[in-house]
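J.: Below is the file work.pdb, which contains PDB, C-alpha atoms.
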```pdb
ATOM      1  CA  MET A 248       3.532   4.782 -11.115
ATOM      2  CA  PRO A 249       0.970   5.489  -8.331
ATOM      3  CA  ASP A 250      -2.714   5.596  -9.196
ATOM      4  CA  ILE A 251      -3.733   9.156 -10.056
ATOM      5  CA  VAL A 252      -6.825   8.796  -7.855
ATOM      6  CA  ALA A 253      -4.653   7.886  -4.842
ATOM      7  CA  VAL A 254      -2.394  10.888  -5.486
ATOM      8  CA  LEU A 255      -5.341  13.279  -5.799
ATOM      9  CA  VAL A 256      -6.964  11.948  -2.613
ATOM     10  CA  ARG A 257      -3.686  12.375  -0.720
ATOM     11  CA  LEU A 258      -3.303  15.905  -2.087
ATOM     12  CA  GLY A 259      -6.860  16.749  -1.068
ATOM     13  CA  LEU A 260      -6.286  15.428   2.443
ATOM     14  CA  TYR A 261      -3.007  17.318   2.837
ATOM     15  CA  LEU A 262      -4.602  20.608   1.809
ATOM     16  CA  ASP A 263      -7.793  20.049   3.782
ATOM     17  CA  LEU A 264      -6.292  18.893   7.078
ATOM     18  CA  MET A 265      -3.479  21.457   7.033
ATOM     19  CA  LEU A 266      -6.013  24.248   6.588
ATOM     20  CA  LEU A 267      -8.205  22.700   9.279
ATOM     21  CA  PHE A 268      -5.255  22.865  11.684
ATOM     22  CA  GLY A 269      -3.583  26.041  10.440
ATOM     23  CA  LEU A 270      -6.592  28.369  10.419
ATOM     24  CA  PRO A 271      -7.482  28.037  14.127
ATOM     25  CA  MET A 272      -3.773  28.236  14.970
ATOM     26  CA  PHE A 273      -3.645  31.525  13.053
ATOM     27  CA  GLY A 274      -6.572  32.802  15.101
ATOM     28  CA  LEU A 275      -4.961  31.765  18.368
ATOM     29  CA  CYS A 276      -1.485  33.113  17.608
ATOM     30  CA  LEU A 277      -2.130  36.248  15.566
ATOM     31  CA  LEU A 278      -5.600  37.535  16.468
ATOM     32  CA  ARG A 279      -6.665  39.074  19.768
ATOM     33  CA  GLY A 280      -9.768  38.988  21.919
ATOM     34  CA  ALA A 281     -12.962  39.604  19.954
ATOM     35  CA  GLU A 282     -11.038  39.303  16.669
ATOM     36  CA  ARG A 283     -11.091  35.539  17.218
ATOM     37  CA  GLU A 284     -14.887  35.431  17.142
ATOM     38  CA  SER A 285     -16.134  33.819  13.949
ATOM     39  CA  GLY A 286     -17.214  36.504  11.511
ATOM     40  CA  SER A 287     -15.331  39.318  13.234
ATOM     41  CA  VAL A 288     -12.216  39.021  11.067
ATOM     42  CA  LEU A 289     -12.438  35.531   9.562
ATOM     43  CA  SER A 290     -15.494  33.283   9.234
ATOM     44  CA  PHE A 291     -13.976  30.433  11.216
ATOM     45  CA  ARG A 292     -17.122  28.382  11.837
ATOM     46  CA  PRO A 293     -18.397  27.990   8.247
ATOM     47  CA  MET A 294     -14.885  27.523   6.855
ATOM     48  CA  LEU A 295     -13.957  24.843   9.370
ATOM     49  CA  ALA A 296     -17.323  23.087   9.023
ATOM     50  CA  ILE A 297     -16.804  22.846   5.254
ATOM     51  CA  LEU A 298     -13.224  21.651   5.681
ATOM     52  CA  ALA A 299     -14.241  19.018   8.255
ATOM     53  CA  SER A 300     -17.031  17.731   5.999
ATOM     54  CA  LEU A 301     -14.659  17.597   3.042
ATOM     55  CA  GLY A 302     -12.097  15.800   5.173
ATOM     56  CA  LEU A 303     -14.642  13.155   6.155
ATOM     57  CA  GLY A 304     -15.540  12.572   2.520
ATOM     58  CA  LEU A 305     -11.913  12.410   1.373
ATOM     59  CA  SER A 306     -11.066  10.034   4.225
ATOM     60  CA  LEU A 307     -13.888   7.682   3.209
ATOM     61  CA  LEU A 308     -12.686   7.773  -0.385
ATOM     62  CA  GLY A 309      -9.104   7.269   0.757
ATOM     63  CA  ILE A 310      -9.851   4.104   2.721
ATOM     64  CA  MET A 311     -11.720   2.712  -0.294
ATOM     65  CA  VAL A 312      -8.767   3.495  -2.578
ATOM     66  CA  LEU A 313      -6.411   1.762  -0.144
ATOM     67  CA  ALA A 314      -8.685  -1.272   0.128
ATOM     68  CA  ALA A 315      -8.889  -1.481  -3.669
ATOM     69  CA  SER A 316      -5.095  -1.313  -3.893
ATOM     70  CA  MET A 317      -4.646  -4.051  -1.297
ATOM     71  CA  GLY A 318      -7.270  -6.229  -2.969
ATOM     72  CA  GLY A 319      -5.856  -5.636  -6.446
ATOM     73  CA  THR A 320      -9.226  -4.528  -7.811
ATOM     74  CA  ALA A 321     -10.866  -1.385  -9.150
ATOM     75  CA  ILE A 322     -12.396   0.918  -6.571
ATOM     76  CA  GLY A 323     -15.888   0.089  -7.828
ATOM     77  CA  GLN A 324     -15.316  -3.634  -7.279
ATOM     78  CA  ILE A 325     -14.021  -3.740  -3.718
ATOM     79  CA  ASP A 326     -15.947  -5.867  -1.248
ATOM     80  CA  ARG A 327     -17.001  -4.999   2.272
ATOM     81  CA  ALA A 328     -14.734  -7.614   3.850
ATOM     82  CA  THR A 329     -11.603  -5.998   2.402
ATOM     83  CA  VAL A 330     -12.620  -2.545   3.616
ATOM     84  CA  GLU A 331     -13.359  -3.894   7.101
ATOM     85  CA  LEU A 332     -10.000  -5.687   7.117
ATOM     86  CA  VAL A 333      -8.166  -2.432   6.375
ATOM     87  CA  ILE A 334     -10.148  -0.448   8.960
ATOM     88  CA  TRP A 335     -10.041  -2.901  11.858
ATOM     89  CA  GLN A 336      -6.829  -4.873  11.381
ATOM     90  CA  THR A 337      -4.186  -2.413  10.145
ATOM     91  CA  ALA A 338      -2.302   0.514  11.693
ATOM     92  CA  ILE A 339      -3.526   2.728   8.859
ATOM     93  CA  GLY A 340      -7.086   1.705   9.712
ATOM     94  CA  THR A 341      -6.579   2.663  13.358
ATOM     95  CA  ALA A 342      -5.192   6.043  12.291
ATOM     96  CA  TRP A 343      -8.190   6.437   9.969
ATOM     97  CA  GLN A 344     -10.590   5.833  12.864
ATOM     98  CA  VAL A 345      -8.795   8.479  14.948
ATOM     99  CA  ARG A 346      -9.001  10.918  12.039
ATOM    100  CA  MET A 347     -12.716  10.350  11.514
ATOM    101  CA  ALA A 348     -13.410  10.886  15.219
ATOM    102  CA  ALA A 349     -11.302  14.067  15.261
ATOM    103  CA  LEU A 350     -13.043  15.413  12.142
ATOM    104  CA  LEU A 351     -16.449  14.746  13.668
ATOM    105  CA  LEU A 352     -15.367  16.726  16.743
ATOM    106  CA  VAL A 353     -14.267  19.633  14.560
ATOM    107  CA  LEU A 354     -17.548  19.492  12.651
ATOM    108  CA  GLY A 355     -19.534  19.484  15.885
ATOM    109  CA  PHE A 356     -17.617  22.436  17.340
ATOM    110  CA  SER A 357     -18.022  24.360  14.073
ATOM    111  CA  LEU A 358     -21.759  23.736  13.754
ATOM    112  CA  PHE A 359     -22.767  24.331  17.349
ATOM    113  CA  GLY A 360     -20.281  27.086  18.126
ATOM    114  CA  TRP A 361     -18.618  28.093  21.388
ATOM    115  CA  ARG A 362     -19.009  30.806  23.990
ATOM    116  CA  ARG A 363     -15.385  31.821  24.337
ATOM    117  CA  PRO A 364     -13.503  32.280  21.053
ATOM    118  CA  ALA A 365     -10.095  31.327  22.445
ATOM    119  CA  PHE A 366     -11.468  28.122  24.000
ATOM    120  CA  GLY A 367     -13.276  27.218  20.787
ATOM    121  CA  LEU A 368     -10.254  27.770  18.558
ATOM    122  CA  CYS A 369      -8.024  25.882  20.997
ATOM    123  CA  SER A 370     -10.420  22.901  21.027
ATOM    124  CA  LEU A 371     -10.605  22.950  17.237
ATOM    125  CA  ALA A 372      -6.812  23.125  16.934
ATOM    126  CA  ILE A 373      -6.356  20.137  19.270
ATOM    127  CA  ALA A 374      -8.840  17.998  17.337
ATOM    128  CA  ALA A 375      -7.321  19.114  14.022
ATOM    129  CA  THR A 376      -3.840  18.248  15.335
ATOM    130  CA  ALA A 377      -4.961  14.655  15.841
ATOM    131  CA  ALA A 378      -6.554  14.546  12.391
ATOM    132  CA  LEU A 379      -3.481  15.945  10.608
ATOM    133  CA  ALA A 380      -1.050  13.740  12.532
ATOM    134  CA  THR A 381      -2.815  10.595  11.279
ATOM    135  CA  LEU A 382      -1.517  11.332   7.768
ATOM    136  CA  ALA A 383       1.927  10.274   9.008
ATOM    137  CA  TRP A 384       0.637   6.692   9.133
ATOM    138  CA  THR A 385      -0.101   6.768   5.389
ATOM    139  CA  GLY A 386       3.458   7.699   4.389
ATOM    140  CA  HIS A 387       7.021   6.454   4.746
ATOM    141  CA  GLY A 388       7.174   7.481   8.407
ATOM    142  CA  ALA A 389       5.143   4.428   9.415
ATOM    143  CA  ALA A 390       7.261   1.940   7.445
ATOM    144  CA  ASP A 391      10.107   1.561   9.965
ATOM    145  CA  GLU A 392       9.931  -0.470  13.155
ATOM    146  CA  GLY A 393      11.223  -0.107  16.690
ATOM    147  CA  THR A 394      12.889   3.033  17.999
ATOM    148  CA  LEU A 395      13.810   4.218  14.513
ATOM    149  CA  GLY A 396      10.187   3.835  13.438
ATOM    150  CA  TRP A 397       8.850   5.992  16.271
ATOM    151  CA  PHE A 398      11.582   8.578  15.721
ATOM    152  CA  HIS A 399      10.770   8.747  12.007
ATOM    153  CA  LEU A 400       7.042   8.945  12.720
ATOM    154  CA  ALA A 401       7.571  11.794  15.209
ATOM    155  CA  ALA A 402       9.633  13.717  12.637
ATOM    156  CA  ASP A 403       6.890  13.216  10.055
ATOM    157  CA  ILE A 404       4.235  14.515  12.450
ATOM    158  CA  VAL A 405       6.311  17.613  13.316
ATOM    159  CA  HIS A 406       6.825  18.219   9.582
ATOM    160  CA  LEU A 407       3.074  17.967   8.937
ATOM    161  CA  LEU A 408       2.124  20.294  11.795
ATOM    162  CA  ALA A 409       4.735  22.913  10.888
ATOM    163  CA  ALA A 410       3.590  22.831   7.257
ATOM    164  CA  GLY A 411      -0.020  23.111   8.447
ATOM    165  CA  ILE A 412       0.744  26.314  10.346
ATOM    166  CA  TRP A 413       2.376  27.822   7.257
ATOM    167  CA  ILE A 414      -0.432  26.743   4.892
ATOM    168  CA  GLY A 415      -3.127  27.982   7.293
ATOM    169  CA  ALA A 416      -1.373  31.330   7.731
ATOM    170  CA  LEU A 417      -1.021  31.772   3.963
ATOM    171  CA  CYS A 418      -4.737  31.117   3.508
ATOM    172  CA  ALA A 419      -5.722  33.497   6.325
ATOM    173  CA  LEU A 420      -3.395  36.245   5.091
ATOM    174  CA  CYS A 421      -4.789  35.892   1.566
ATOM    175  CA  LEU A 422      -8.307  36.252   2.955
ATOM    176  CA  LEU A 423      -7.216  39.448   4.700
ATOM    177  CA  ILE A 424      -5.180  40.977   1.878
ATOM    178  CA  PHE A 425      -7.491  40.001  -1.005
ATOM    179  CA  ARG A 426     -10.571  41.495   0.657
ATOM    180  CA  PRO A 427     -12.614  43.756  -1.687
ATOM    181  CA  ALA A 428     -11.605  47.416  -1.489
ATOM    182  CA  ARG A 429     -15.038  48.464  -0.183
ATOM    183  CA  ASN A 430     -14.490  46.276   2.906
ATOM    184  CA  VAL A 431     -10.949  47.487   3.615
ATOM    185  CA  THR A 432     -10.905  50.037   6.421
ATOM    186  CA  ARG A 433      -7.917  51.620   8.118
ATOM    187  CA  ASP A 434      -8.432  49.324  11.101
ATOM    188  CA  HIS A 435      -8.471  46.298   8.795
ATOM    189  CA  LEU A 436      -5.221  47.423   7.197
ATOM    190  CA  ARG A 437      -3.601  47.815  10.608
ATOM    191  CA  LEU A 438      -4.806  44.359  11.619
ATOM    192  CA  SER A 439      -3.472  42.879   8.363
ATOM    193  CA  HIS A 440      -0.086  44.504   8.938
ATOM    194  CA  ARG A 441       0.006  43.228  12.516
ATOM    195  CA  ALA A 442      -0.786  39.703  11.328
ATOM    196  CA  LEU A 443       1.888  39.840   8.633
ATOM    197  CA  HIS A 444       4.455  41.179  11.100
ATOM    198  CA  GLY A 445       3.451  38.655  13.775
ATOM    199  CA  PHE A 446       3.774  35.727  11.421
ATOM    200  CA  SER A 447       7.351  36.736  10.645
ATOM    201  CA  THR A 448       8.494  35.502  14.070
ATOM    202  CA  ILE A 449       6.290  32.415  14.040
ATOM    203  CA  GLY A 450       7.382  31.714  10.477
ATOM    204  CA  SER A 451      11.034  31.554  11.539
ATOM    205  CA  ILE A 452      10.171  28.830  14.072
ATOM    206  CA  VAL A 453       8.087  26.987  11.476
ATOM    207  CA  VAL A 454      10.923  27.072   8.932
ATOM    208  CA  GLY A 455      13.338  25.748  11.548
ATOM    209  CA  LEU A 456      11.026  22.838  12.370
ATOM    210  CA  LEU A 457      10.519  22.062   8.680
ATOM    211  CA  ILE A 458      14.250  22.015   7.998
ATOM    212  CA  VAL A 459      15.171  19.873  11.021
ATOM    213  CA  SER A 460      12.354  17.344  10.525
ATOM    214  CA  GLY A 461      13.023  17.306   6.763
ATOM    215  CA  LEU A 462      16.716  16.534   7.325
ATOM    216  CA  ILE A 463      15.787  13.688   9.671
ATOM    217  CA  ASN A 464      13.424  12.224   7.089
ATOM    218  CA  ALA A 465      16.012  12.596   4.320
ATOM    219  CA  TRP A 466      18.680  10.895   6.424
ATOM    220  CA  ILE A 467      16.410   7.909   7.028
ATOM    221  CA  LEU A 468      14.851   7.639   3.559
ATOM    222  CA  ILE A 469      17.906   8.481   1.458
ATOM    223  CA  GLY A 470      21.031   8.604   3.591
ATOM    224  CA  PRO A 471      24.268  10.466   2.861
ATOM    225  CA  THR A 472      25.618   7.642   0.666
ATOM    226  CA  ARG A 473      22.688   7.785  -1.760
ATOM    227  CA  LEU A 474      22.532  11.496  -2.519
ATOM    228  CA  GLY A 475      23.281  10.727  -6.150
ATOM    229  CA  SER A 476      19.864   9.079  -6.412
ATOM    230  CA  LEU A 477      18.289  12.543  -6.191
ATOM    231  CA  PHE A 478      19.106  12.927  -9.871
ATOM    232  CA  THR A 479      18.689   9.338 -11.097
ATOM    233  CA  SER A 480      15.301   8.297  -9.675
ATOM    234  CA  LEU A 481      11.785   9.670  -9.982
ATOM    235  CA  TYR A 482      11.573   9.926  -6.195
ATOM    236  CA  GLY A 483      14.788  11.944  -6.110
ATOM    237  CA  LEU A 484      13.745  14.264  -8.930
ATOM    238  CA  LEU A 485      10.404  15.001  -7.284
ATOM    239  CA  LEU A 486      12.113  15.618  -3.949
ATOM    240  CA  THR A 487      14.591  17.966  -5.653
ATOM    241  CA  ALA A 488      11.694  19.889  -7.205
ATOM    242  CA  LYS A 489      10.107  20.159  -3.767
ATOM    243  CA  LEU A 490      13.319  21.560  -2.273
ATOM    244  CA  LEU A 491      13.605  24.150  -5.059
ATOM    245  CA  LEU A 492      10.007  25.267  -4.467
ATOM    246  CA  PHE A 493      10.660  25.407  -0.725
ATOM    247  CA  GLY A 494      13.654  27.641  -1.417
ATOM    248  CA  ALA A 495      11.437  29.917  -3.504
ATOM    249  CA  MET A 496       8.950  30.104  -0.622
ATOM    250  CA  LEU A 497      11.750  31.111   1.744
ATOM    251  CA  LEU A 498      12.780  33.927  -0.594
ATOM    252  CA  LEU A 499       9.192  35.154  -0.867
ATOM    253  CA  ALA A 500       8.726  34.955   2.901
ATOM    254  CA  ALA A 501      11.924  36.961   3.396
ATOM    255  CA  ALA A 502      10.707  39.586   0.920
ATOM    256  CA  ASN A 503       7.404  39.810   2.780
ATOM    257  CA  ARG A 504       9.137  40.215   6.118
ATOM    258  CA  PHE A 505      11.893  42.668   5.247
ATOM    259  CA  ARG A 506      10.408  44.656   2.361
ATOM    260  CA  LEU A 507       6.688  44.302   1.710
ATOM    261  CA  THR A 508       5.383  44.322   5.292
ATOM    262  CA  PRO A 509       7.403  47.426   6.298
ATOM    263  CA  ARG A 510       6.303  49.043   3.033
ATOM    264  CA  LEU A 511       2.665  48.396   4.009
ATOM    265  CA  ALA A 512       3.225  50.109   7.376
ATOM    266  CA  ALA A 513       4.667  53.155   5.637
ATOM    267  CA  ALA A 514       1.793  53.161   3.140
ATOM    268  CA  ILE A 515      -0.802  53.058   5.924
ATOM    269  CA  ALA A 516       0.859  56.042   7.581
ATOM    270  CA  ALA A 517       0.897  57.912   4.243
ATOM    271  CA  GLY A 518      -2.710  57.001   3.446
ATOM    272  CA  ASP A 519      -1.886  55.435   0.055
ATOM    273  CA  THR A 520      -1.861  51.643   0.281
ATOM    274  CA  ALA A 521      -2.823  50.564  -3.261
ATOM    275  CA  THR A 522       0.707  49.761  -4.463
ATOM    276  CA  ALA A 523       1.752  48.070  -1.218
ATOM    277  CA  ILE A 524      -1.370  45.898  -1.200
ATOM    278  CA  ARG A 525      -0.862  44.959  -4.858
ATOM    279  CA  SER A 526       2.717  43.828  -4.168
ATOM    280  CA  LEU A 527       1.634  41.760  -1.172
ATOM    281  CA  ARG A 528      -1.138  40.122  -3.179
ATOM    282  CA  ILE A 529       1.290  39.056  -5.900
ATOM    283  CA  SER A 530       3.795  37.720  -3.361
ATOM    284  CA  LEU A 531       1.186  35.807  -1.352
ATOM    285  CA  ALA A 532      -0.401  34.366  -4.508
ATOM    286  CA  VAL A 533       2.951  33.068  -5.788
ATOM    287  CA  GLU A 534       3.887  31.703  -2.351
ATOM    288  CA  THR A 535       0.537  29.924  -2.072
ATOM    289  CA  GLY A 536       1.028  28.477  -5.547
ATOM    290  CA  CYS A 537       4.453  27.137  -4.541
ATOM    291  CA  ALA A 538       2.979  25.603  -1.383
ATOM    292  CA  SER A 539       0.222  23.874  -3.381
ATOM    293  CA  ALA A 540       2.779  22.527  -5.851
ATOM    294  CA  ILE A 541       4.892  21.181  -2.975
ATOM    295  CA  LEU A 542       1.900  19.333  -1.530
ATOM    296  CA  ALA A 543       1.139  17.857  -4.954
ATOM    297  CA  LEU A 544       4.721  16.584  -5.206
ATOM    298  CA  VAL A 545       4.580  15.144  -1.686
ATOM    299  CA  ALA A 546       1.299  13.393  -2.472
ATOM    300  CA  TRP A 547       3.027  11.848  -5.503
ATOM    301  CA  PHE A 548       6.451  10.797  -4.217
ATOM    302  CA  GLY A 549       4.950   9.705  -0.898
ATOM    303  CA  LEU A 550       3.617   6.692  -2.804
ATOM    304  CA  LEU A 551       6.985   5.889  -4.404
ATOM    305  CA  ALA A 552       9.698   3.728  -2.891
ATOM    306  CA  PRO A 553      12.520   5.907  -1.475
ATOM    307  CA  PRO A 554      16.159   5.098  -2.381
ATOM    308  CA  ALA A 555      16.783   3.457   0.996
ATOM    309  CA  ALA A 556      14.058   0.903   0.255
ATOM    310  CA  GLY A 557      16.167  -0.601  -2.480
ATOM    311  CA  VAL A 558      18.934  -1.562  -0.086
TER
END
```
Transcribe the structure of this file into structure tokens.

T.:
Amino acid sequence: MPDIVAVLVRLGLYLDLMLLFGLPMFGLCLLRGAERESGSVLSFRPMLAILASLGLGLSLLGIMVLAASMGGTAIGQIDRATVELVIWQTAIGTAWQVRMAALLLVLGFSLFGWRRPAFGLCSLAIAATAALATLAWTGHGAADEGTLGWFHLAADIVHLLAAGIWIGALCALCLLIFRPARNVTRDHLRLSHRALHGFSTIGSIVVGLLIVSGLINAWILIGPTRLGSLFTSLYGLLLTAKLLLFGAMLLLAAANRFRLTPRLAAAIAAGDTATAIRSLRISLAVETGCASAILALVAWFGLLAPPAAGV
């Protein structure tokens, strides 16, 4: 059974780095012109500065947890030599260095700002891409060697980035839809509807990437001959739970696209949006809860041996 501290650190990093990548991507893809300026629609700079700082702290804790695991000691008893060994002489350590550098770039951009919103968000997204991609080196995607290893690693990175776009969009949409009534103007409602409608198309691409990269990972880690292990091993049961939650998210996303978002447009035209907003809030809250649960499961079974490892 993985250490609960290691699972929680992985969960924290997944949430933090996906938001760090997904929020600026939301601004680039679904906002326009001056809307991308921090504070105009979303407070990008303070949010990303907090996320980058949290990511740095979680990354420091994560490397200490890994060093403790490798040294077979408690986290409070690890020595400097073991930590330096992990940082400077392992692939995970190299990925960790890249992540720390990328997070420092994001923090610097967030604190000192930028003149052109699109340029700033693009720079932040690029740095956050590097930071999020490094998580692939802490999972099963880095366990294989040769061509298969690079193929598996690439699939893992695509999976992480696609999930990051979805998680970031959910967070941004919640910030828009859950805004206090006194701050909700007709223009804000129109912008919220446009963002919801715009994400429908992007969401279809994201779902496609998640499914394809997920199938690749499943083929490598489980294989068609070991599908029965999904119901006989802890890894398989956790993966099954993840797939069920993912299915629930797809149903909620479909409801948002084909029912709730058009209903919001009609409500805006009629001047009575209370019911439509309430329905969207419930749907987004449940979808966000499912996404958080999925990340918790991934943080857990990512530390377990997959069925293919037993062969």

J.: Tell me which of A:Leu264, A:Leu395, A:Leu423, A:Leu511 sits closest to Ala374 in chain A, counting all atoms listed in the file.

T.: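 Of A:Leu264, A:Leu395, A:Leu423, A:Leu511, the one nearest Ala374 in chain A, counting all atoms listed in the file, is A:Leu264.
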
J.: Quick one: apply the PyMOL selection byres ((chain A and resi 461-468) around 7) to the file and drop the selected residues here as a list in words.

T.: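 Answer for the PyMOL selection byres ((chain A and resi 461-468) around 7): His399, Ala402, His406, Leu457, Ile458, Val459, Ser460, Ile469, Gly470, Pro471, Pro553, Pro554 and Ala555 of chain A.
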
J.: I want to know what sits within 9 Å of Tyr482 in chain A, based on only C-alpha atoms, with residues of the same chain fewer than 5 positions away left out; could you give that as a list in words?

T.: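 Selected residues are Ser476, Leu477, Thr487, Trp547, Phe548, Gly549, Leu551, Ala552, Pro553 and Pro554 of chain A.
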
J.: Here is a test: counting all atoms listed in the file, which residue of A:Leu350, A:Ala521, A:Ala378, A:Leu313 is nearest to Met265 in chain A?

T.: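 Checking each candidate against Met265 in chain A, we get A:Ala378 as the closest.
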
J.: Dump as JSON lines the rows for residues of range 283-351 of chain A within 10 Å of range 249-254 of chain A: closest atom pair and distance in Å with one decimal, all atoms listed in the file counted, ordered by chain and rising residue number.

T.:
```
{"residue": "A:Leu308", "atom": "CA", "partner": "A:Ala253", "partner_atom": "CA", "distance": 9.2}
{"residue": "A:Gly309", "atom": "CA", "partner": "A:Ala253", "partner_atom": "CA", "distance": 7.2}
{"residue": "A:Ile310", "atom": "CA", "partner": "A:Ala253", "partner_atom": "CA", "distance": 9.9}
{"residue": "A:Met311", "atom": "CA", "partner": "A:Ala253", "partner_atom": "CA", "distance": 9.9}
{"residue": "A:Val312", "atom": "CA", "partner": "A:Ala253", "partner_atom": "CA", "distance": 6.4}
{"residue": "A:Leu313", "atom": "CA", "partner": "A:Ala253", "partner_atom": "CA", "distance": 7.9}
{"residue": "A:Ser316", "atom": "CA", "partner": "A:Asp250", "partner_atom": "CA", "distance": 9.0}
{"residue": "A:Ile322", "atom": "CA", "partner": "A:Val252", "partner_atom": "CA", "distance": 9.7}
```

J.: Any idea what the distance is between CA of Leu492 in chain A and CA of Cys537 in chain A?

T.: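 Calculated distance between CA of Leu492 in chain A and CA of Cys537 in chain A is 5.9 Å.
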
J.: Taking the file as shown, find all residues satisfying the PyMOL selection byres ((chain A and resi 380) around 9) and write them as a count of residues only.

T.: 16

J.: What's around range 280-286 of chain A at 9 Å? Count only C-alpha atoms, leave out sequence neighbours fewer than 5 positions away in its own chain, and write the answer as number ranges by chain.

T.: A: 271, 274-275, 291-293, 360, 363-365, 368

J.: Export C-alpha atoms of the chosen residues as a CSV table (one decimal), in the coordinates of the input?

T.:
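File produced: part04.csv:
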```csv
chain,number,residue,atom,x,y,z
A,271,PRO,CA,-7.5,28.0,14.1
A,274,GLY,CA,-6.6,32.8,15.1
A,275,LEU,CA,-5.0,31.8,18.4
A,291,PHE,CA,-14.0,30.4,11.2
A,292,ARG,CA,-17.1,28.4,11.8
A,293,PRO,CA,-18.4,28.0,8.2
A,360,GLY,CA,-20.3,27.1,18.1
A,363,ARG,CA,-15.4,31.8,24.3
A,364,PRO,CA,-13.5,32.3,21.1
A,365,ALA,CA,-10.1,31.3,22.4
A,368,LEU,CA,-10.3,27.8,18.6
```

J.: Contacts of range 424-431 of chain A at 9 Å or less, counting all atoms listed in the file, minus same-chain residues fewer than 6 places along, as number ranges by chain?

T.: A: 439, 524-525, 527-528, 531

J.: Please write the residues picked by the PyMOL selection byres ((chain A and resi 512-520) around 8) on this file as a ChimeraX atom specification.

T.: /A:433,436-437,440,508-511,521-524

J.: With all atoms listed in the file as the basis for distance, which of A:Val353, A:Ala338, A:Ala501, A:Ala315 is at the shortest distance from Ile297 in chain A?

T.: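 Closest residue, counting all atoms listed in the file: A:Val353.
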
J.: Counting only C-alpha atoms, which residues of range 346-443 of chain A sit at most 12 Å from some atom of range 532-536 of chain A, and what is each one's closest atom pair with its distance in Å to one decimal, listed by chain and rising residue number, as a Markdown table?

T.:
```
| residue | atom | partner | partner_atom | distance |
| --- | --- | --- | --- | --- |
| A:Trp413 | CA | A:Thr535 | CA | 9.7 |
| A:Ile414 | CA | A:Thr535 | CA | 7.7 |
| A:Gly415 | CA | A:Thr535 | CA | 10.2 |
| A:Ala416 | CA | A:Thr535 | CA | 10.1 |
| A:Leu417 | CA | A:Thr535 | CA | 6.5 |
| A:Cys418 | CA | A:Thr535 | CA | 7.8 |
| A:Ala419 | CA | A:Thr535 | CA | 11.1 |
| A:Leu420 | CA | A:Ala532 | CA | 10.2 |
| A:Cys421 | CA | A:Ala532 | CA | 7.6 |
| A:Leu422 | CA | A:Ala532 | CA | 11.0 |
| A:Ile424 | CA | A:Ala532 | CA | 10.4 |
| A:Phe425 | CA | A:Ala532 | CA | 9.7 |
```
